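Okay, work21.csv now, which holds CSV, C-alpha atoms:
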```
chain,number,residue,atom,x,y,z
A,1,MET,CA,61.7,180.0,-29.9
A,2,LYS,CA,58.2,179.1,-30.9
A,3,THR,CA,56.0,181.8,-32.5
A,4,ARG,CA,53.7,181.9,-29.5
A,5,ASP,CA,56.6,182.5,-27.2
A,6,ARG,CA,58.1,185.1,-29.5
A,7,ILE,CA,54.8,187.0,-29.5
A,8,LEU,CA,54.7,187.0,-25.7
A,9,HIS,CA,58.4,188.0,-25.5
A,10,CYS,CA,58.1,190.8,-28.0
A,11,SER,CA,54.8,192.1,-26.5
A,12,LEU,CA,56.3,192.3,-23.1
A,13,ALA,CA,59.3,194.3,-24.4
A,14,LEU,CA,57.0,196.7,-26.3
A,15,PHE,CA,54.6,197.1,-23.5
A,16,ASN,CA,57.4,197.9,-21.0
A,17,GLU,CA,59.1,200.3,-23.4
A,18,GLU,CA,56.1,202.2,-24.9
A,19,GLY,CA,53.3,201.6,-22.4
A,20,GLU,CA,50.7,198.9,-23.0
A,21,PRO,CA,47.8,201.3,-24.1
A,22,ASN,CA,50.1,202.7,-26.9
A,23,VAL,CA,50.9,199.2,-28.4
A,24,THR,CA,48.5,197.5,-30.9
A,25,THR,CA,48.6,193.9,-32.1
A,26,LEU,CA,49.5,195.3,-35.6
A,27,HIS,CA,52.5,197.0,-34.0
A,28,ILE,CA,53.5,193.6,-32.4
A,29,ALA,CA,53.0,191.7,-35.7
A,30,THR,CA,55.1,194.3,-37.6
A,31,GLU,CA,57.9,194.1,-35.0
A,32,LEU,CA,58.0,190.3,-35.3
A,33,ASP,CA,57.6,190.4,-39.1
A,34,ILE,CA,54.6,188.1,-39.0
A,35,SER,CA,51.1,188.6,-40.5
A,36,PRO,CA,48.3,189.9,-38.2
A,37,GLY,CA,46.5,186.6,-39.1
A,38,ASN,CA,49.4,184.5,-37.7
A,39,LEU,CA,49.4,186.5,-34.5
A,40,TYR,CA,45.6,186.1,-34.3
A,41,TYR,CA,46.0,182.3,-34.7
A,42,HIS,CA,48.0,182.3,-31.4
A,43,PHE,CA,46.1,185.0,-29.5
A,44,LYS,CA,42.6,186.3,-30.0
A,45,GLY,CA,43.8,189.9,-29.3
A,46,LYS,CA,45.8,192.1,-27.0
A,47,ASP,CA,43.6,191.2,-24.0
A,48,SER,CA,44.7,187.5,-24.3
A,49,ILE,CA,48.4,188.5,-24.5
A,50,ILE,CA,48.0,190.7,-21.4
A,51,ALA,CA,46.1,187.9,-19.5
A,52,GLU,CA,49.0,185.5,-20.3
A,53,LEU,CA,51.7,188.0,-19.3
A,54,PHE,CA,49.8,188.8,-16.1
A,55,ALA,CA,49.6,185.0,-15.3
A,56,ASP,CA,53.4,184.7,-15.8
A,57,PHE,CA,54.0,187.6,-13.5
A,58,GLU,CA,51.6,186.3,-10.9
A,59,GLN,CA,53.3,182.9,-10.9
A,60,GLU,CA,56.8,184.3,-10.6
A,61,LEU,CA,55.8,186.6,-7.7
A,62,LEU,CA,53.7,184.0,-5.9
A,63,GLU,CA,56.5,181.5,-6.2
A,64,LEU,CA,58.9,183.8,-4.5
A,65,GLN,CA,59.5,182.2,-1.1
A,66,ILE,CA,60.8,184.4,1.7
A,67,THR,CA,62.4,181.2,3.1
A,68,GLN,CA,64.5,180.8,0.0
A,69,ALA,CA,68.2,181.1,0.8
A,70,PRO,CA,67.8,182.4,4.4
A,71,LEU,CA,70.7,184.7,5.0
A,72,ASP,CA,72.7,185.7,8.0
A,73,SER,CA,70.2,188.2,9.4
A,74,PRO,CA,66.5,189.0,9.3
A,75,LEU,CA,67.4,192.4,7.8
A,76,LEU,CA,69.4,190.7,4.9
A,77,ASN,CA,66.4,188.4,4.4
A,78,MET,CA,64.1,191.5,4.1
A,79,TRP,CA,66.5,193.1,1.7
A,80,ALA,CA,66.8,190.0,-0.5
A,81,TYR,CA,63.0,189.6,-0.6
A,82,LEU,CA,62.6,193.2,-1.7
A,83,GLN,CA,65.4,192.9,-4.3
A,84,PHE,CA,63.8,189.7,-5.8
A,85,SER,CA,60.3,191.3,-5.8
A,86,PHE,CA,61.4,194.5,-7.5
A,87,GLU,CA,63.4,192.6,-10.1
A,88,THR,CA,60.3,190.6,-10.9
A,89,MET,CA,58.1,193.7,-11.0
A,90,ALA,CA,60.6,195.5,-13.3
A,91,ARG,CA,60.5,192.6,-15.8
A,92,TYR,CA,56.7,193.4,-16.0
A,93,LEU,CA,57.1,197.1,-15.6
A,94,PHE,CA,54.0,197.9,-17.8
A,95,LEU,CA,51.8,196.5,-15.1
A,96,PHE,CA,53.0,199.1,-12.7
A,97,ARG,CA,52.9,202.0,-15.0
A,98,ASP,CA,49.2,202.6,-14.5
A,99,VAL,CA,48.0,199.8,-12.4
A,100,ALA,CA,44.6,201.4,-11.6
A,101,ASP,CA,43.8,202.0,-15.3
A,102,LEU,CA,44.9,198.4,-16.2
A,103,LEU,CA,42.7,196.9,-13.4
A,104,THR,CA,39.8,199.1,-14.4
A,105,ARG,CA,40.0,197.9,-18.0
A,106,PHE,CA,40.5,194.2,-17.0
A,107,PRO,CA,38.3,193.7,-13.9
A,108,ALA,CA,39.1,190.0,-13.9
A,109,LEU,CA,42.7,190.9,-12.9
A,110,GLN,CA,41.7,193.1,-9.9
A,111,ARG,CA,40.9,190.2,-7.6
A,112,ARG,CA,44.2,188.5,-8.6
A,113,PHE,CA,46.2,191.6,-8.1
A,114,ASN,CA,44.7,192.0,-4.6
A,115,ALA,CA,45.7,188.4,-3.9
A,116,ILE,CA,49.3,189.3,-4.8
A,117,LEU,CA,49.1,192.3,-2.5
A,118,ALA,CA,47.8,190.1,0.3
A,119,LYS,CA,50.7,187.7,-0.2
A,120,GLN,CA,53.1,190.6,-0.1
A,121,ARG,CA,51.6,191.9,3.2
A,122,GLN,CA,51.9,188.4,4.6
A,123,SER,CA,55.6,188.0,3.6
A,124,LEU,CA,56.4,191.5,4.9
A,125,ARG,CA,54.7,190.7,8.2
A,126,VAL,CA,56.7,187.5,8.6
A,127,LEU,CA,59.9,189.3,7.8
A,128,CYS,CA,59.1,192.1,10.3
A,129,GLU,CA,58.2,189.5,13.0
A,130,ALA,CA,61.6,187.8,12.4
A,131,LEU,CA,63.3,191.2,13.1
A,132,ASP,CA,61.0,191.6,16.2
A,133,ASN,CA,62.1,188.1,17.5
A,134,GLU,CA,65.7,189.1,17.2
A,135,SER,CA,65.0,192.3,19.1
A,136,GLU,CA,66.1,194.3,16.1
A,137,LEU,CA,62.6,195.9,15.8
A,138,GLN,CA,61.0,197.9,18.6
A,139,ALA,CA,57.4,198.0,17.4
A,140,SER,CA,54.0,197.1,18.8
A,141,ASP,CA,51.6,194.9,16.9
A,142,ALA,CA,49.7,198.0,15.7
A,143,ASP,CA,53.0,199.6,14.6
A,144,ILE,CA,53.8,196.5,12.5
A,145,ALA,CA,50.4,196.5,11.0
A,146,SER,CA,50.7,200.1,9.9
A,147,LEU,CA,54.3,199.5,8.7
A,148,VAL,CA,53.3,196.5,6.6
A,149,GLU,CA,50.5,198.5,4.9
A,150,HIS,CA,53.0,201.4,4.1
A,151,MET,CA,55.6,198.9,2.9
A,152,THR,CA,53.1,197.2,0.6
A,153,MET,CA,51.8,200.6,-0.8
A,154,THR,CA,55.4,201.7,-1.3
A,155,MET,CA,56.3,198.5,-3.1
A,156,THR,CA,53.3,199.0,-5.5
A,157,PHE,CA,53.9,202.7,-6.3
A,158,TRP,CA,57.6,203.7,-5.8
A,159,LEU,CA,58.4,202.6,-9.4
A,160,ASN,CA,55.6,205.0,-10.5
A,161,TYR,CA,56.9,207.8,-8.3
A,162,GLN,CA,60.4,207.4,-9.8
A,163,ARG,CA,58.8,207.7,-13.2
A,164,ILE,CA,56.8,210.9,-12.6
A,165,CYS,CA,59.9,212.5,-11.0
A,166,ALA,CA,62.2,211.3,-13.8
A,167,LYS,CA,63.8,213.9,-16.1
A,168,LYS,CA,62.7,211.8,-19.1
A,169,MET,CA,59.5,209.9,-18.5
A,170,ASP,CA,59.7,208.4,-22.0
A,171,HIS,CA,62.9,206.5,-21.6
A,172,PHE,CA,62.5,205.9,-17.9
A,173,GLN,CA,65.0,203.4,-16.4
A,174,PRO,CA,63.9,202.2,-12.9
A,175,ASP,CA,66.4,202.3,-10.1
A,176,LEU,CA,65.5,199.0,-8.3
A,177,ALA,CA,68.1,199.3,-5.4
A,178,ASP,CA,66.5,202.7,-4.6
A,179,CYS,CA,63.0,201.1,-4.6
A,180,ALA,CA,64.2,198.3,-2.2
A,181,TYR,CA,66.0,200.9,0.0
A,182,GLN,CA,62.9,203.1,0.2
A,183,VAL,CA,60.8,200.2,1.5
A,184,VAL,CA,63.5,199.3,4.0
A,185,SER,CA,63.9,202.9,5.1
A,186,LEU,CA,60.3,202.8,6.5
A,187,LEU,CA,61.6,200.3,9.1
A,188,VAL,CA,64.5,202.6,10.2
A,189,PRO,CA,62.7,204.5,13.0
A,190,TYR,CA,61.7,201.2,14.6
A,191,LEU,CA,65.1,199.6,14.4
A,192,ALA,CA,67.7,199.1,17.2
A,193,ASP,CA,70.8,201.3,16.8
A,194,ASP,CA,72.9,198.4,15.5
A,195,SER,CA,70.4,197.5,12.8
A,196,LYS,CA,70.1,201.2,11.8
A,197,ASP,CA,73.9,201.1,11.1
A,198,ASP,CA,73.3,197.9,9.0
A,199,VAL,CA,70.7,199.7,6.9
A,200,LYS,CA,73.2,202.5,6.3
A,201,ALA,CA,75.8,200.0,5.2
A,202,LEU,CA,73.2,198.4,2.9
A,203,ALA,CA,72.4,201.8,1.5
A,204,GLN,CA,76.1,202.6,0.9
A,205,GLY,CA,76.7,199.2,-0.8
A,206,TYR,CA,73.7,199.3,-3.1
A,207,LEU,CA,72.8,202.9,-3.8
B,1,MET,CA,26.6,229.6,-15.6
B,2,LYS,CA,28.3,230.5,-18.9
B,3,THR,CA,28.6,227.7,-21.5
B,4,ARG,CA,32.4,227.7,-21.2
B,5,ASP,CA,32.2,227.1,-17.4
B,6,ARG,CA,29.4,224.5,-17.8
B,7,ILE,CA,31.8,222.6,-20.2
B,8,LEU,CA,34.6,222.7,-17.6
B,9,HIS,CA,32.2,221.7,-14.8
B,10,CYS,CA,30.7,218.8,-16.7
B,11,SER,CA,34.0,217.6,-18.0
B,12,LEU,CA,35.5,217.5,-14.5
B,13,ALA,CA,32.5,215.5,-13.2
B,14,LEU,CA,32.7,213.0,-16.1
B,15,PHE,CA,36.5,212.6,-15.9
B,16,ASN,CA,36.3,212.0,-12.1
B,17,GLU,CA,33.5,209.5,-12.5
B,18,GLU,CA,34.5,207.6,-15.6
B,19,GLY,CA,38.2,208.2,-15.9
B,20,GLU,CA,39.5,210.8,-18.4
B,21,PRO,CA,40.7,208.4,-21.1
B,22,ASN,CA,37.1,206.9,-21.3
B,23,VAL,CA,35.4,210.3,-21.9
B,24,THR,CA,35.2,211.9,-25.4
B,25,THR,CA,34.2,215.5,-26.3
B,26,LEU,CA,31.1,214.0,-27.9
B,27,HIS,CA,30.2,212.4,-24.6
B,28,ILE,CA,30.6,215.8,-22.9
B,29,ALA,CA,28.5,217.7,-25.5
B,30,THR,CA,25.8,215.0,-25.3
B,31,GLU,CA,25.7,215.3,-21.5
B,32,LEU,CA,25.4,219.1,-21.7
B,33,ASP,CA,22.9,218.9,-24.6
B,34,ILE,CA,24.9,221.2,-26.8
B,35,SER,CA,26.3,220.6,-30.3
B,36,PRO,CA,29.9,219.4,-30.7
B,37,GLY,CA,30.4,222.5,-32.8
B,38,ASN,CA,29.4,224.7,-29.8
B,39,LEU,CA,31.8,222.8,-27.6
B,40,TYR,CA,34.6,223.2,-30.2
B,41,TYR,CA,33.9,227.0,-30.3
B,42,HIS,CA,35.0,227.1,-26.6
B,43,PHE,CA,37.7,224.4,-26.5
B,44,LYS,CA,39.8,223.1,-29.4
B,45,GLY,CA,39.5,219.6,-28.0
B,46,LYS,CA,39.8,217.4,-24.9
B,47,ASP,CA,43.5,218.4,-24.5
B,48,SER,CA,42.5,222.1,-24.0
B,49,ILE,CA,39.9,221.1,-21.4
B,50,ILE,CA,42.4,219.0,-19.5
B,51,ALA,CA,45.0,221.9,-19.7
B,52,GLU,CA,42.5,224.3,-18.2
B,53,LEU,CA,41.3,221.9,-15.4
B,54,PHE,CA,45.0,221.2,-14.6
B,55,ALA,CA,45.7,224.9,-14.3
B,56,ASP,CA,42.7,225.3,-11.9
B,57,PHE,CA,44.0,222.4,-9.8
B,58,GLU,CA,47.5,223.8,-9.8
B,59,GLN,CA,46.3,227.3,-8.7
B,60,GLU,CA,44.1,225.9,-5.9
B,61,LEU,CA,46.9,223.7,-4.6
B,62,LEU,CA,49.7,226.3,-4.9
B,63,GLU,CA,47.6,228.9,-3.2
B,64,LEU,CA,47.2,226.6,-0.2
B,65,GLN,CA,49.2,228.3,2.5
B,66,ILE,CA,50.4,226.3,5.4
B,67,THR,CA,50.3,229.5,7.5
B,68,GLN,CA,46.6,229.8,6.9
B,69,ALA,CA,44.6,229.7,10.2
B,70,PRO,CA,47.5,228.5,12.3
B,71,LEU,CA,46.1,226.1,14.9
B,72,ASP,CA,46.9,225.3,18.5
B,73,SER,CA,49.7,222.8,17.7
B,74,PRO,CA,52.1,221.9,14.9
B,75,LEU,CA,50.4,218.5,14.7
B,76,LEU,CA,47.0,220.1,14.1
B,77,ASN,CA,48.6,222.4,11.5
B,78,MET,CA,50.0,219.3,9.7
B,79,TRP,CA,46.6,217.6,9.9
B,80,ALA,CA,44.8,220.7,8.5
B,81,TYR,CA,47.3,221.0,5.6
B,82,LEU,CA,46.8,217.4,4.7
B,83,GLN,CA,43.0,217.6,4.9
B,84,PHE,CA,42.9,220.7,2.7
B,85,SER,CA,45.4,219.1,0.2
B,86,PHE,CA,43.4,215.9,-0.1
B,87,GLU,CA,40.1,217.8,-0.5
B,88,THR,CA,41.6,219.7,-3.4
B,89,MET,CA,43.1,216.5,-4.9
B,90,ALA,CA,39.8,214.7,-4.6
B,91,ARG,CA,38.0,217.5,-6.5
B,92,TYR,CA,40.4,216.7,-9.4
B,93,LEU,CA,40.5,212.9,-8.7
B,94,PHE,CA,41.0,212.0,-12.4
B,95,LEU,CA,44.5,213.6,-12.3
B,96,PHE,CA,45.5,211.0,-9.6
B,97,ARG,CA,43.8,208.0,-11.2
B,98,ASP,CA,46.7,207.4,-13.5
B,99,VAL,CA,49.1,210.3,-13.1
B,100,ALA,CA,52.0,208.6,-14.9
B,101,ASP,CA,49.9,207.9,-18.0
B,102,LEU,CA,48.5,211.5,-17.9
B,103,LEU,CA,51.9,213.1,-17.7
B,104,THR,CA,53.2,210.8,-20.5
B,105,ARG,CA,50.4,211.9,-22.8
B,106,PHE,CA,50.7,215.6,-21.8
B,107,PRO,CA,54.5,216.1,-21.3
B,108,ALA,CA,53.9,219.9,-20.8
B,109,LEU,CA,52.2,219.0,-17.5
B,110,GLN,CA,55.1,217.0,-16.2
B,111,ARG,CA,57.3,219.9,-15.2
B,112,ARG,CA,54.3,221.7,-13.6
B,113,PHE,CA,53.3,218.5,-11.7
B,114,ASN,CA,56.9,218.3,-10.4
B,115,ALA,CA,56.7,221.9,-9.3
B,116,ILE,CA,53.6,221.0,-7.3
B,117,LEU,CA,55.5,218.0,-5.7
B,118,ALA,CA,58.4,220.4,-4.9
B,119,LYS,CA,56.0,222.8,-3.1
B,120,GLN,CA,54.4,219.9,-1.2
B,121,ARG,CA,57.9,218.7,-0.1
B,122,GLN,CA,58.7,222.2,1.1
B,123,SER,CA,55.4,222.6,3.0
B,124,LEU,CA,55.9,219.2,4.7
B,125,ARG,CA,59.4,220.1,5.6
B,126,VAL,CA,58.3,223.4,7.3
B,127,LEU,CA,55.5,221.5,9.1
B,128,CYS,CA,58.0,218.8,10.3
B,129,GLU,CA,60.5,221.4,11.4
B,130,ALA,CA,57.7,223.2,13.4
B,131,LEU,CA,57.1,219.8,15.2
B,132,ASP,CA,60.9,219.5,15.7
B,133,ASN,CA,61.1,223.0,17.2
B,134,GLU,CA,58.4,222.1,19.8
B,135,SER,CA,60.4,218.9,20.6
B,136,GLU,CA,57.4,216.9,19.4
B,137,LEU,CA,59.6,215.2,16.8
B,138,GLN,CA,62.8,213.3,17.5
B,139,ALA,CA,64.4,213.1,14.1
B,140,SER,CA,67.7,214.0,12.5
B,141,ASP,CA,67.9,216.1,9.4
B,142,ALA,CA,68.4,212.9,7.3
B,143,ASP,CA,65.3,211.4,9.0
B,144,ILE,CA,63.3,214.4,8.1
B,145,ALA,CA,64.5,214.4,4.5
B,146,SER,CA,63.5,210.7,4.2
B,147,LEU,CA,60.2,211.3,6.0
B,148,VAL,CA,59.3,214.2,3.7
B,149,GLU,CA,60.0,212.1,0.6
B,150,HIS,CA,57.8,209.2,1.9
B,151,MET,CA,55.0,211.7,2.9
B,152,THR,CA,55.1,213.3,-0.6
B,153,MET,CA,54.9,209.9,-2.3
B,154,THR,CA,52.1,208.8,0.0
B,155,MET,CA,50.2,212.0,-0.7
B,156,THR,CA,50.5,211.3,-4.5
B,157,PHE,CA,49.5,207.6,-4.5
B,158,TRP,CA,47.4,206.7,-1.4
B,159,LEU,CA,44.2,207.7,-3.3
B,160,ASN,CA,45.3,205.2,-6.0
B,161,TYR,CA,46.1,202.5,-3.5
B,162,GLN,CA,42.6,202.9,-2.0
B,163,ARG,CA,41.2,202.5,-5.5
B,164,ILE,CA,43.0,199.3,-6.4
B,165,CYS,CA,42.2,197.8,-3.0
B,166,ALA,CA,38.5,198.9,-3.2
B,167,LYS,CA,35.8,196.3,-3.6
B,168,LYS,CA,34.2,198.3,-6.5
B,169,MET,CA,36.8,200.2,-8.5
B,170,ASP,CA,34.2,201.5,-10.9
B,171,HIS,CA,32.3,203.5,-8.2
B,172,PHE,CA,35.2,204.2,-6.0
B,173,GLN,CA,34.6,206.8,-3.2
B,174,PRO,CA,37.9,208.1,-1.7
B,175,ASP,CA,38.2,208.1,2.0
B,176,LEU,CA,40.1,211.4,2.5
B,177,ALA,CA,40.4,211.2,6.3
B,178,ASP,CA,42.2,207.8,5.8
B,179,CYS,CA,44.5,209.4,3.3
B,180,ALA,CA,45.5,212.3,5.7
B,181,TYR,CA,45.9,209.8,8.5
B,182,GLN,CA,48.1,207.5,6.5
B,183,VAL,CA,50.5,210.4,5.8
B,184,VAL,CA,50.5,211.5,9.4
B,185,SER,CA,51.1,207.9,10.6
B,186,LEU,CA,54.5,208.0,8.9
B,187,LEU,CA,55.4,210.6,11.6
B,188,VAL,CA,54.4,208.4,14.5
B,189,PRO,CA,57.6,206.5,15.2
B,190,TYR,CA,59.5,209.8,15.4
B,191,LEU,CA,56.9,211.5,17.8
B,192,ALA,CA,57.3,212.1,21.5
B,193,ASP,CA,54.8,210.0,23.5
B,194,ASP,CA,52.4,212.9,24.2
B,195,SER,CA,52.2,213.6,20.4
B,196,LYS,CA,51.7,209.9,19.7
B,197,ASP,CA,48.5,210.1,21.9
B,198,ASP,CA,47.4,213.2,20.0
B,199,VAL,CA,47.7,211.3,16.7
B,200,LYS,CA,45.6,208.4,18.2
B,201,ALA,CA,43.0,211.0,19.3
B,202,LEU,CA,43.0,212.5,15.7
B,203,ALA,CA,42.6,209.0,14.3
B,204,GLN,CA,39.6,208.3,16.6
B,205,GLY,CA,38.0,211.6,15.8
B,206,TYR,CA,38.3,211.4,12.0
B,207,LEU,CA,38.4,207.8,11.0
```
Structure translated into structure tokens:
Amino acid sequence: MKTRDRILHCSLALFNEEGEPNVTTLHIATELDISPGNLYYHFKGKDSIIAELFADFEQELLELQITQAPLDSPLLNMWAYLQFSFETMARYLFLFRDVADLLTRFPALQRRFNAILAKQRQSLRVLCEALDNESELQASDADIASLVEHMTMTMTFWLNYQRICAKKMDHFQPDLADCAYQVVSLLVPYLADDSKDDVKALAQGYL
Amino acid sequence: MKTRDRILHCSLALFNEEGEPNVTTLHIATELDISPGNLYYHFKGKDSIIAELFADFEQELLELQITQAPLDSPLLNMWAYLQFSFETMARYLFLFRDVADLLTRFPALQRRFNAILAKQRQSLRVLCEALDNESELQASDADIASLVEHMTMTMTFWLNYQRICAKKMDHFQPDLADCAYQVVSLLVPYLADDSKDDVKALAQGYL
């Protein structure tokens, strides 16, 4: 692996483990056994590393197509979308540890983070409408709008909610199936009885 | 006002406005036009100020009784509980800006924060059961358990969601009626039709 890629790889691991505000460039250089000068040759500072990691995250999440591998049912498509999304988010866990703080310190990322949220809302709306078309969802347009907003908010913050409720915040291990399930469970009251049973089966299979 | 109280009052205002990690004790002393030594005489450092403000918040929130001023309907009681809760939370807005970061830096507060969450879950459960007793809610025990968890999570993070979606994060003004409404709206799919109309009327009156 090239030094530049090793720096990114190591920074991501340290940020996710220790929390980005607690990791310095010196810390990263020491972990890689390279000189601070060598690190500085590749990145002007921690801000540049964060910007590059954020761009990687952004690209992975925006490339996630809800039409990829369409499955048997709209509900399974929703489940697959959420699983893929949370797997991507967990690889960049440090971004979701204190997203409001991060976006306040790096205002250039706020607009881009909101573009990601907008894309998530749009994907969730399409997935809800597919359920609606199959008569699996019994919801008005206003219900779907409210549902999509709550699903988006839950996608952004359930990892953080798990963290603050965790017995050991320091060595927190996210439970991604629980995250996906919590988002799907917002659908449950609007689902037809058959689909409610499908959600229960998903829950038993994955939780 | 005594110097000690002035320090607390000023610290709270600065923390809420600027974000606690961005405020130093020197900053607080300068704002109050007192010497750092005078501040240090009252508080050993920023940690002691945060601990005292957290204790004030904790007391205000734990003293909030859901039986206070019982209103005409279980739905209005729920609404009143959420309004009072969010008003208290907004007075200590800095705690909710990056709660995971704060609890990681002050592990002693994590257990107490989780005790507050437990109290909120219990209050929400009692309020949901009151709706259920009046046949306003059509939900199984499992539905209510899931609902209470989502309501608690939404109470904790909707202020933060508003912040990251805000046009200007720096001078963010929370919309407390929207927060209360978003929590109540989780109930909607489980409500009887009459109560759904009551929620719409609440929304039109407060939003």
>> Could you tell me which residues of chain B sit within 7 Å of chain A when counting all atoms listed in the file, and give me the result as a VMD selection string?
In response: chain B and resid 97 to 98 100 to 101 104 114 153 157 160 to 161 164 to 165 169 189 to 190
>> One decimal, in Å: what's the spacing between atom CA of B:Arg91 and atom CA of B:Asn16?
In response: 8.0 Å
>> Here is a test: counting only C-alpha atoms, which residue of B:Ala51, B:Leu62, B:Leu32, B:Ala192 is nearest to B:Ile116?
In response: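 Distance minimum relative to B:Ile116 lands on B:Leu62.
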> Between atom CA of B:Gly37 and atom CA of B:Leu109, what is the distance, to one decimal in Å?
Replying inline: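 Separating atom CA of B:Gly37 from atom CA of B:Leu109 is a distance of 26.9 Å.
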>> Taking 2 positions as the minimum chain separation for residues in the same chain, which residues sit within 12 Å of A:Glu52 when counting all atoms listed in the file? Answer as a PyMOL selection string.
In response: chain A and resi 4-5+7-9+11-12+42-50+54-59+92+109
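Our summary of the geometry notes that atom CA of A:Thr88 is positioned 14.7 Å from atom CA of A:Lys119.
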> Using all atoms listed in the file, which of the listed residues (A:Leu14, A:Met151, A:Met78, A:Ala142) sits closest to A:Val126?
Replying inline: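 The answer is A:Met78, which sits nearest to A:Val126.
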>> Please return as a list in words every residue within 12 Å of (55.2, 200.4, -32.4), taking into account all atoms listed in the file and the file's own coordinates.
In response: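 The distance filter leaves exactly Cys10, Ser11, Ala13, Leu14, Phe15, Asn16, Glu17, Glu18, Gly19, Glu20, Pro21, Asn22, Val23, Thr24, Thr25, Leu26, His27, Ile28, Ala29, Thr30, Glu31 and Leu32 of chain A.
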